[in-house]
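**Q** Below: one structure in structure tokens.
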Amino acid sequence: MSPNDIQHFLVVYDVTRGPATVEEFGSDYEAALAAYTEREHEYRERDGVDIVLLGADSLETIKQTHSSYFEPVDGFERFFEPAAS
């Protein structure tokens, strides 16, 4: 894959609300970086919000490699429940 094939995705994930929102920028890295900077400024006072700029060949790849951003908040509760005896 060449640098021109990389698609840029801005992911904003609020751990209290669940699945992330995604902005797609195609191969326009400069626009993606500008949007990333804006979101960092917008959410700077809020705890529990992850803002990440990711590059991949597709959104499907991002959803596989960063699947925790796309699961419902309650999807992780199963890891904290006591095991049945």
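Every chain in the structure tokens takes a letter, A first, then B, and so on in the order presented; its residues are numbered from 1, and the ligands are numbered from 1 following the presented order.
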For Val49 in chain A, work out the shell of residues within 9 Å, counting only C-alpha atoms and skipping chain neighbours fewer than 6 positions away, then give it as a ChimeraX atom specification.
**A** /A:12-16,43
**Q** If we count only C-alpha atoms, what is near range 64-73 of chain A at a cut-off of 12 Å, once residues fewer than 5 positions away on the same chain are taken out, given as number ranges by chain?
**A** A: 9-22, 49-59, 78-79
**Q** Just to confirm, what's the straight-line distance from CA of Thr37 in chain A to CA of Gln7 in chain A in Å (one decimal)?
**A**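 Atom-to-atom, CA of Thr37 in chain A to CA of Gln7 in chain A, that is 17.7 Å.
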**Q** Between CA of Arg39 in chain A and CA of Gly26 in chain A, what distance in Å does the model show, to one decimal?
**A**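 CA of Arg39 in chain A sits 17.9 Å away from CA of Gly26 in chain A.
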**Q** Write down as a ChimeraX atom specification the residues belonging to chain A that are assigned helix (DSSP H, G or I) by DSSP computed on the backbone.
**A** /A:3-5,29-42,59-65,67-70,73-79
**Q** One decimal, Å: what's the distance from CA of Asp5 in chain A over to CA of Tyr29 in chain A, could you say?
**A**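 Going from CA of Asp5 in chain A over to CA of Tyr29 in chain A, I get 11.4 Å.
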**Q** Check the DSSP output for the backbone and give back, as a PyMOL selection string, the residues of chain A in strand (DSSP E).
**A** chain A and resi 7-14+21-26+49-56
